[in-house]
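Colleague: Sharing final-v9.cif, mmCIF, N, CA and C atoms:
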data_entry
loop_
_atom_site.label_atom_id
_atom_site.label_comp_id
_atom_site.auth_asym_id
_atom_site.auth_seq_id
_atom_site.Cartn_x
_atom_site.Cartn_y
_atom_site.Cartn_z
N MET A 1 37.64 -1.72 -30.17
CA MET A 1 36.38 -2.41 -29.91
C MET A 1 35.44 -2.20 -31.08
N SER A 2 34.77 -3.27 -31.44
CA SER A 2 33.82 -3.18 -32.54
C SER A 2 32.51 -2.58 -32.04
N LEU A 3 31.68 -2.23 -32.97
CA LEU A 3 30.39 -1.63 -32.64
C LEU A 3 29.52 -2.62 -31.86
N GLU A 4 29.61 -3.88 -32.20
CA GLU A 4 28.82 -4.91 -31.51
C GLU A 4 29.28 -5.10 -30.07
N GLN A 5 30.58 -5.05 -29.82
CA GLN A 5 31.10 -5.18 -28.47
C GLN A 5 30.69 -3.98 -27.62
N THR A 6 30.73 -2.80 -28.22
CA THR A 6 30.32 -1.59 -27.51
C THR A 6 28.84 -1.67 -27.13
N ALA A 7 28.02 -2.13 -28.07
CA ALA A 7 26.58 -2.27 -27.80
C ALA A 7 26.34 -3.29 -26.69
N CYS A 8 27.11 -4.37 -26.70
CA CYS A 8 26.98 -5.39 -25.66
C CYS A 8 27.36 -4.83 -24.29
N GLU A 9 28.44 -4.08 -24.23
CA GLU A 9 28.86 -3.46 -22.97
C GLU A 9 27.82 -2.45 -22.48
N ASP A 10 27.23 -1.70 -23.41
CA ASP A 10 26.19 -0.74 -23.04
C ASP A 10 24.96 -1.45 -22.47
N LEU A 11 24.59 -2.55 -23.08
CA LEU A 11 23.45 -3.32 -22.59
C LEU A 11 23.73 -3.88 -21.20
N LYS A 12 24.93 -4.36 -20.98
CA LYS A 12 25.29 -4.89 -19.66
C LYS A 12 25.26 -3.79 -18.61
N ALA A 13 25.78 -2.61 -18.97
CA ALA A 13 25.76 -1.48 -18.03
C ALA A 13 24.33 -1.04 -17.74
N PHE A 14 23.49 -1.02 -18.77
CA PHE A 14 22.08 -0.65 -18.57
C PHE A 14 21.38 -1.66 -17.66
N GLU A 15 21.65 -2.94 -17.88
CA GLU A 15 21.04 -3.99 -17.05
C GLU A 15 21.50 -3.88 -15.60
N ARG A 16 22.80 -3.64 -15.39
CA ARG A 16 23.30 -3.49 -14.03
C ARG A 16 22.64 -2.31 -13.33
N ARG A 17 22.52 -1.20 -14.03
CA ARG A 17 21.90 -0.01 -13.42
C ARG A 17 20.42 -0.24 -13.14
N LEU A 18 19.72 -0.89 -14.05
CA LEU A 18 18.30 -1.17 -13.85
C LEU A 18 18.08 -2.10 -12.66
N THR A 19 18.87 -3.15 -12.56
CA THR A 19 18.74 -4.06 -11.42
C THR A 19 19.10 -3.36 -10.11
N GLU A 20 20.08 -2.45 -10.18
CA GLU A 20 20.47 -1.70 -8.99
C GLU A 20 19.33 -0.79 -8.52
N VAL A 21 18.70 -0.09 -9.45
CA VAL A 21 17.60 0.81 -9.10
C VAL A 21 16.44 0.03 -8.50
N ILE A 22 16.09 -1.08 -9.11
CA ILE A 22 14.96 -1.87 -8.61
C ILE A 22 15.29 -2.49 -7.25
N SER A 23 16.49 -2.99 -7.09
CA SER A 23 16.85 -3.60 -5.80
C SER A 23 16.95 -2.56 -4.69
N CYS A 24 17.34 -1.34 -5.03
CA CYS A 24 17.39 -0.28 -4.01
C CYS A 24 16.00 0.16 -3.58
N LEU A 25 15.02 0.01 -4.45
CA LEU A 25 13.65 0.38 -4.11
C LEU A 25 12.96 -0.67 -3.23
N GLN A 26 13.43 -1.89 -3.26
CA GLN A 26 12.75 -2.98 -2.55
C GLN A 26 12.62 -2.76 -1.04
N PRO A 27 13.67 -2.36 -0.31
CA PRO A 27 13.50 -2.16 1.14
C PRO A 27 12.49 -1.07 1.48
N ALA A 28 12.54 0.04 0.75
CA ALA A 28 11.59 1.12 1.02
C ALA A 28 10.17 0.68 0.68
N THR A 29 10.03 -0.04 -0.42
CA THR A 29 8.71 -0.54 -0.81
C THR A 29 8.16 -1.48 0.24
N LEU A 30 8.99 -2.34 0.78
CA LEU A 30 8.54 -3.26 1.83
C LEU A 30 8.07 -2.51 3.06
N ARG A 31 8.81 -1.48 3.45
CA ARG A 31 8.40 -0.68 4.62
C ARG A 31 7.07 0.01 4.37
N TRP A 32 6.87 0.57 3.18
CA TRP A 32 5.60 1.23 2.87
C TRP A 32 4.45 0.22 2.86
N ARG A 33 4.71 -0.99 2.34
CA ARG A 33 3.67 -2.03 2.32
C ARG A 33 3.29 -2.44 3.74
N ILE A 34 4.28 -2.59 4.60
CA ILE A 34 4.01 -2.95 5.99
C ILE A 34 3.21 -1.86 6.68
N LEU A 35 3.61 -0.60 6.48
CA LEU A 35 2.89 0.52 7.09
C LEU A 35 1.45 0.57 6.59
N LEU A 36 1.24 0.40 5.29
CA LEU A 36 -0.11 0.42 4.74
C LEU A 36 -0.95 -0.73 5.28
N ALA A 37 -0.35 -1.90 5.42
CA ALA A 37 -1.08 -3.05 5.95
C ALA A 37 -1.47 -2.83 7.41
N ILE A 38 -0.56 -2.27 8.20
CA ILE A 38 -0.86 -2.03 9.62
C ILE A 38 -1.98 -1.01 9.77
N ILE A 39 -1.87 0.10 9.05
CA ILE A 39 -2.89 1.15 9.16
C ILE A 39 -4.23 0.66 8.62
N SER A 40 -4.22 -0.10 7.54
CA SER A 40 -5.47 -0.64 7.00
C SER A 40 -6.12 -1.61 7.99
N THR A 41 -5.31 -2.44 8.62
CA THR A 41 -5.83 -3.38 9.61
C THR A 41 -6.39 -2.65 10.81
N CYS A 42 -5.68 -1.64 11.28
CA CYS A 42 -6.18 -0.85 12.42
C CYS A 42 -7.50 -0.16 12.07
N THR A 43 -7.59 0.37 10.87
CA THR A 43 -8.83 1.03 10.45
C THR A 43 -9.97 0.01 10.37
N ALA A 44 -9.70 -1.17 9.83
CA ALA A 44 -10.74 -2.19 9.73
C ALA A 44 -11.20 -2.66 11.11
N ILE A 45 -10.26 -2.88 12.02
CA ILE A 45 -10.63 -3.30 13.37
C ILE A 45 -11.40 -2.19 14.08
N GLY A 46 -10.93 -0.96 13.94
CA GLY A 46 -11.64 0.17 14.55
C GLY A 46 -13.04 0.34 13.97
N ALA A 47 -13.17 0.12 12.65
CA ALA A 47 -14.49 0.22 12.02
C ALA A 47 -15.42 -0.86 12.54
N TRP A 48 -14.89 -2.05 12.76
CA TRP A 48 -15.70 -3.14 13.29
C TRP A 48 -16.27 -2.78 14.67
N TYR A 49 -15.39 -2.30 15.53
CA TYR A 49 -15.86 -1.92 16.88
C TYR A 49 -16.81 -0.72 16.82
N TRP A 50 -16.56 0.18 15.91
CA TRP A 50 -17.42 1.36 15.77
C TRP A 50 -18.81 0.96 15.28
N LEU A 51 -18.85 0.05 14.30
CA LEU A 51 -20.14 -0.36 13.74
C LEU A 51 -20.91 -1.30 14.65
N THR A 52 -20.21 -2.07 15.45
CA THR A 52 -20.91 -3.00 16.34
C THR A 52 -21.26 -2.40 17.69
N ASP A 53 -20.87 -1.16 17.94
CA ASP A 53 -21.19 -0.49 19.19
C ASP A 53 -22.69 -0.16 19.21
N PRO A 54 -23.42 -0.62 20.21
CA PRO A 54 -24.87 -0.35 20.24
C PRO A 54 -25.20 1.13 20.46
N HIS A 55 -24.28 1.90 20.97
CA HIS A 55 -24.54 3.32 21.22
C HIS A 55 -24.31 4.18 19.98
N THR A 56 -23.78 3.61 18.93
CA THR A 56 -23.49 4.39 17.73
C THR A 56 -24.76 4.98 17.12
N SER A 57 -25.82 4.23 17.12
CA SER A 57 -27.07 4.73 16.52
C SER A 57 -27.78 5.73 17.42
N ASP A 58 -27.41 5.80 18.69
CA ASP A 58 -28.09 6.70 19.63
C ASP A 58 -27.48 8.09 19.68
N VAL A 59 -26.23 8.23 19.25
CA VAL A 59 -25.55 9.52 19.36
C VAL A 59 -25.29 10.07 17.95
N SER A 60 -24.89 11.33 17.90
CA SER A 60 -24.60 11.94 16.60
C SER A 60 -23.33 11.33 16.01
N PHE A 61 -23.17 11.57 14.71
CA PHE A 61 -22.01 11.04 14.01
C PHE A 61 -20.70 11.55 14.62
N THR A 62 -20.65 12.83 14.91
CA THR A 62 -19.44 13.42 15.50
C THR A 62 -19.16 12.83 16.88
N GLN A 63 -20.19 12.71 17.69
CA GLN A 63 -20.01 12.13 19.02
C GLN A 63 -19.58 10.67 18.92
N SER A 64 -20.11 9.97 17.93
CA SER A 64 -19.75 8.58 17.72
C SER A 64 -18.27 8.45 17.38
N LEU A 65 -17.77 9.35 16.54
CA LEU A 65 -16.34 9.32 16.20
C LEU A 65 -15.48 9.70 17.40
N ILE A 66 -15.96 10.60 18.22
CA ILE A 66 -15.23 10.98 19.42
C ILE A 66 -15.19 9.80 20.41
N ASN A 67 -16.26 9.03 20.45
CA ASN A 67 -16.32 7.86 21.34
C ASN A 67 -15.37 6.74 20.88
N HIS A 68 -14.94 6.79 19.62
CA HIS A 68 -14.06 5.74 19.08
C HIS A 68 -12.80 6.40 18.50
N PRO A 69 -11.90 6.85 19.38
CA PRO A 69 -10.70 7.56 18.90
C PRO A 69 -9.74 6.67 18.10
N PHE A 70 -9.72 5.36 18.38
CA PHE A 70 -8.85 4.45 17.64
C PHE A 70 -9.23 4.43 16.16
N PHE A 71 -10.52 4.30 15.90
CA PHE A 71 -11.00 4.29 14.52
C PHE A 71 -10.79 5.66 13.87
N SER A 72 -11.11 6.71 14.58
CA SER A 72 -10.99 8.06 14.02
C SER A 72 -9.54 8.37 13.65
N THR A 73 -8.63 8.07 14.55
CA THR A 73 -7.22 8.35 14.31
C THR A 73 -6.67 7.52 13.17
N SER A 74 -6.96 6.23 13.18
CA SER A 74 -6.43 5.37 12.11
C SER A 74 -7.05 5.73 10.76
N SER A 75 -8.29 6.15 10.73
CA SER A 75 -8.91 6.57 9.47
C SER A 75 -8.25 7.83 8.93
N ILE A 76 -7.99 8.78 9.81
CA ILE A 76 -7.34 10.03 9.38
C ILE A 76 -5.93 9.74 8.86
N ILE A 77 -5.21 8.88 9.55
CA ILE A 77 -3.85 8.52 9.11
C ILE A 77 -3.90 7.83 7.75
N LEU A 78 -4.87 6.93 7.56
CA LEU A 78 -4.99 6.23 6.29
C LEU A 78 -5.30 7.20 5.15
N VAL A 79 -6.19 8.13 5.38
CA VAL A 79 -6.52 9.12 4.36
C VAL A 79 -5.30 10.00 4.05
N LEU A 80 -4.57 10.40 5.06
CA LEU A 80 -3.37 11.21 4.84
C LEU A 80 -2.31 10.44 4.05
N LEU A 81 -2.15 9.16 4.37
CA LEU A 81 -1.18 8.34 3.63
C LEU A 81 -1.58 8.20 2.17
N LEU A 82 -2.86 8.00 1.92
CA LEU A 82 -3.33 7.88 0.54
C LEU A 82 -3.19 9.20 -0.21
N MET A 83 -3.43 10.30 0.47
CA MET A 83 -3.28 11.61 -0.17
C MET A 83 -1.81 11.93 -0.45
N SER A 84 -0.91 11.41 0.36
CA SER A 84 0.51 11.65 0.14
C SER A 84 1.11 10.72 -0.91
N GLY A 85 0.34 9.77 -1.42
CA GLY A 85 0.81 8.92 -2.51
C GLY A 85 1.42 7.61 -2.10
N ILE A 86 0.99 7.05 -0.99
CA ILE A 86 1.56 5.76 -0.56
C ILE A 86 1.25 4.66 -1.56
N HIS A 87 0.12 4.77 -2.26
CA HIS A 87 -0.23 3.75 -3.23
C HIS A 87 0.78 3.69 -4.38
N LYS A 88 1.43 4.80 -4.68
CA LYS A 88 2.47 4.80 -5.71
C LYS A 88 3.79 4.27 -5.16
N ARG A 89 4.06 4.55 -3.90
CA ARG A 89 5.31 4.07 -3.29
C ARG A 89 5.28 2.56 -3.09
N VAL A 90 4.10 2.01 -2.88
CA VAL A 90 3.96 0.57 -2.65
C VAL A 90 4.27 -0.21 -3.93
N ILE A 91 3.95 0.36 -5.08
CA ILE A 91 4.15 -0.36 -6.33
C ILE A 91 5.22 0.26 -7.21
N ALA A 92 6.11 1.05 -6.64
CA ALA A 92 7.15 1.76 -7.41
C ALA A 92 7.99 0.84 -8.29
N PRO A 93 8.50 -0.30 -7.80
CA PRO A 93 9.29 -1.16 -8.70
C PRO A 93 8.48 -1.68 -9.88
N SER A 94 7.20 -1.95 -9.66
CA SER A 94 6.35 -2.42 -10.76
C SER A 94 6.15 -1.33 -11.80
N ILE A 95 6.02 -0.09 -11.36
CA ILE A 95 5.87 1.03 -12.29
C ILE A 95 7.12 1.16 -13.15
N ILE A 96 8.28 1.07 -12.51
CA ILE A 96 9.54 1.22 -13.25
C ILE A 96 9.71 0.09 -14.26
N THR A 97 9.46 -1.14 -13.85
CA THR A 97 9.63 -2.25 -14.79
C THR A 97 8.61 -2.18 -15.93
N ALA A 98 7.38 -1.77 -15.64
CA ALA A 98 6.37 -1.66 -16.70
C ALA A 98 6.76 -0.61 -17.72
N ARG A 99 7.23 0.54 -17.25
CA ARG A 99 7.63 1.60 -18.17
C ARG A 99 8.88 1.20 -18.95
N THR A 100 9.79 0.48 -18.31
CA THR A 100 10.99 0.02 -19.00
C THR A 100 10.63 -0.99 -20.08
N ARG A 101 9.68 -1.87 -19.80
CA ARG A 101 9.24 -2.84 -20.80
C ARG A 101 8.65 -2.14 -22.02
N ILE A 102 7.91 -1.07 -21.79
CA ILE A 102 7.32 -0.33 -22.91
C ILE A 102 8.42 0.23 -23.80
N VAL A 103 9.45 0.81 -23.20
CA VAL A 103 10.55 1.38 -23.98
C VAL A 103 11.35 0.27 -24.66
N LEU A 104 11.57 -0.83 -23.98
CA LEU A 104 12.40 -1.90 -24.54
C LEU A 104 11.74 -2.64 -25.69
N THR A 105 10.42 -2.57 -25.80
CA THR A 105 9.76 -3.24 -26.92
C THR A 105 10.21 -2.67 -28.26
N ASP A 106 10.57 -1.39 -28.31
CA ASP A 106 11.09 -0.79 -29.54
C ASP A 106 12.42 -1.41 -29.96
N PHE A 107 13.13 -1.98 -29.01
CA PHE A 107 14.43 -2.60 -29.28
C PHE A 107 14.36 -4.12 -29.26
N ASN A 108 13.12 -4.66 -29.33
CA ASN A 108 12.89 -6.10 -29.36
C ASN A 108 13.45 -6.78 -28.12
N MET A 109 13.28 -6.12 -26.96
CA MET A 109 13.73 -6.65 -25.68
C MET A 109 12.63 -6.47 -24.65
N SER A 110 12.85 -7.07 -23.51
CA SER A 110 11.96 -6.90 -22.36
C SER A 110 12.83 -7.06 -21.12
N CYS A 111 12.20 -7.05 -19.94
CA CYS A 111 12.94 -7.29 -18.71
C CYS A 111 12.02 -7.99 -17.72
N ASP A 112 12.62 -8.71 -16.78
CA ASP A 112 11.82 -9.36 -15.75
C ASP A 112 11.61 -8.40 -14.58
N ASP A 113 10.99 -8.88 -13.52
CA ASP A 113 10.66 -8.02 -12.39
C ASP A 113 11.87 -7.55 -11.60
N THR A 114 13.02 -8.21 -11.78
CA THR A 114 14.23 -7.80 -11.08
C THR A 114 15.09 -6.86 -11.91
N GLY A 115 14.73 -6.67 -13.18
CA GLY A 115 15.48 -5.77 -14.04
C GLY A 115 16.43 -6.46 -15.00
N LYS A 116 16.45 -7.77 -15.02
CA LYS A 116 17.31 -8.50 -15.95
C LYS A 116 16.71 -8.40 -17.35
N LEU A 117 17.56 -8.10 -18.32
CA LEU A 117 17.09 -7.94 -19.69
C LEU A 117 16.77 -9.28 -20.33
N ILE A 118 15.76 -9.27 -21.15
CA ILE A 118 15.35 -10.45 -21.91
C ILE A 118 15.42 -10.07 -23.38
N LEU A 119 16.31 -10.72 -24.10
CA LEU A 119 16.46 -10.46 -25.53
C LEU A 119 15.50 -11.36 -26.29
N LYS A 120 14.67 -10.76 -27.13
CA LYS A 120 13.72 -11.52 -27.92
C LYS A 120 14.35 -11.83 -29.27
N PRO A 121 13.91 -12.91 -29.90
CA PRO A 121 14.49 -13.23 -31.22
C PRO A 121 14.18 -12.13 -32.23
N ARG A 122 15.10 -11.94 -33.13
CA ARG A 122 14.92 -10.92 -34.17
C ARG A 122 13.80 -11.33 -35.11
N PRO A 123 13.01 -10.36 -35.55
CA PRO A 123 11.96 -10.73 -36.51
C PRO A 123 12.59 -11.15 -37.84
N ALA A 124 11.89 -12.02 -38.53
CA ALA A 124 12.40 -12.53 -39.79
C ALA A 124 12.48 -11.40 -40.82
N GLN A 125 13.60 -11.35 -41.53
CA GLN A 125 13.81 -10.33 -42.57
C GLN A 125 13.27 -10.85 -43.88
N SER A 126 12.51 -10.03 -44.58
CA SER A 126 11.97 -10.50 -45.85
C SER A 126 12.65 -9.88 -47.04
#
Starting from the coordinates I provided, produce the structure as structure tokens.

Modeller:
Amino acid sequence: MSLEQTACEDLKAFERRLTEVISCLQPATLRWRILLAIISTCTAIGAWYWLTDPHTSDVSFTQSLINHPFFSTSSIILVLLLMSGIHKRVIAPSIITARTRIVLTDFNMSCDDTGKLILKPRPAQS
């Protein structure tokens, strides 16, 4: 095998592995996005009911939160999810492709969002 054939096979293997990694992340990313959307929606709905409650201004802040356990619970869950790094899990494939693009620019290549390599034309030699 020539050096060019070996390089081509290496590029194909790299592309297969990159697409495999990104495609394996997609189901988990979708689940995290759904979970974040549900908890965010619950928190927003709970906040609406909490803010529109006429008794909220009459009682203390703590008592107000106790009176609205749906909002309190969903807010705590949302904060815990954010502290555990859900925002990174939601965009994990984007992080991987962005970092891969940075490395591939040194080799005059790029990749799309699915991990397929994009070969750019060689710069003109002077």

Colleague: If you measure from atom C of Ser75 (chain A) to CA of Cys42 (chain A), what distance in Å do you get, rounded to one decimal?

Modeller: 9.6 Å

Colleague: Using only C-alpha atoms, what residues lie at most 12 Å away from (-3.3, 7.1, 11.8) (file coordinates), given as a list of chain:residue names?

Modeller: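 Final list of nearby residues, as requested, is A:Leu35, A:Leu36, A:Ala37, A:Ile38, A:Ile39, A:Ser40, A:Thr41, A:Cys42, A:Thr43, A:Gly46, A:Pro69, A:Phe70, A:Phe71, A:Ser72, A:Thr73, A:Ser74, A:Ser75, A:Ile76, A:Ile77, A:Leu78, A:Val79, A:Leu80, A:Leu81, A:Leu82.
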
Colleague: Would you compute the distance between CA of Arg122 (chain A) and CA of Glu9 (chain A)? Give it in Å to one decimal.

Modeller: 19.4 Å

Colleague: To one decimal place in Å, what is the distance between CA of Pro121 (chain A) and CA of Thr6 (chain A)?

Modeller: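 Result for CA of Pro121 (chain A) versus CA of Thr6 (chain A): 20.0 Å, one decimal.
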
Colleague: Mind the document's chain letters and residue numbers, and return as a VMD selection string the residues of chain A that DSSP labels alpha helix (DSSP H).

Modeller: chain A and resid 3 to 52 61 to 67 69 to 83 86 to 90 92 to 104

Colleague: Give me every strand (DSSP E) residue in chain A, going by DSSP on the backbone, as a compact mmCIF listing (two decimals) with N, CA and C atoms, keeping the file's coordinate frame.

Modeller:
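Wrote out_28.txt, looks like this:
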# COMPACT_ATOMS: atom_id res chain seq x y z
N MET A 109 13.28 -6.12 -26.96
CA MET A 109 13.73 -6.65 -25.68
C MET A 109 12.63 -6.47 -24.65
N SER A 110 12.85 -7.07 -23.51
CA SER A 110 11.96 -6.90 -22.36
C SER A 110 12.83 -7.06 -21.12
N CYS A 111 12.20 -7.05 -19.94
CA CYS A 111 12.94 -7.29 -18.71
C CYS A 111 12.02 -7.99 -17.72
N LEU A 117 17.56 -8.10 -18.32
CA LEU A 117 17.09 -7.94 -19.69
C LEU A 117 16.77 -9.28 -20.33
N ILE A 118 15.76 -9.27 -21.15
CA ILE A 118 15.35 -10.45 -21.91
C ILE A 118 15.42 -10.07 -23.38
N LEU A 119 16.31 -10.72 -24.10
CA LEU A 119 16.46 -10.46 -25.53
C LEU A 119 15.50 -11.36 -26.29

Colleague: Evaluated on this file, the PyMOL selection byres (((chain A and resi 93 and name CA) around 8) and name CA) picks out some residues - which ones are they, written as a list in words?

Modeller: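 Evaluating the PyMOL selection byres (((chain A and resi 93 and name CA) around 8) and name CA) on this file yields Ile22, Leu25, Gln26, Thr29, Ile91, Ala92, Ser94, Ile95, Ile96, Thr97 and Asp113 of chain A.
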
Colleague: Name the residues in contact with Ser23 (chain A) at a cut-off of 8 Å, using all atoms listed in the file, excluding same-chain residues fewer than 4 positions from it; report them as a list in words.

Modeller: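 In the requested format, the answer is Arg17, Leu18, Thr19, Pro27, Ala28, Pro93, Asp113, Thr114 and Gly115 of chain A.
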
Colleague: Around all the atoms of region 42-56 of chain A listed in the file, draw an axis-aligned box and extend it by 3 Å on each of the six sides; I want its centre and edge lengths in Å to one decimal, as JSON.

Modeller:
{"center_x": -15.4, "center_y": 0.8, "center_z": 15.5, "size_x": 25.5, "size_y": 14.3, "size_z": 17.5}
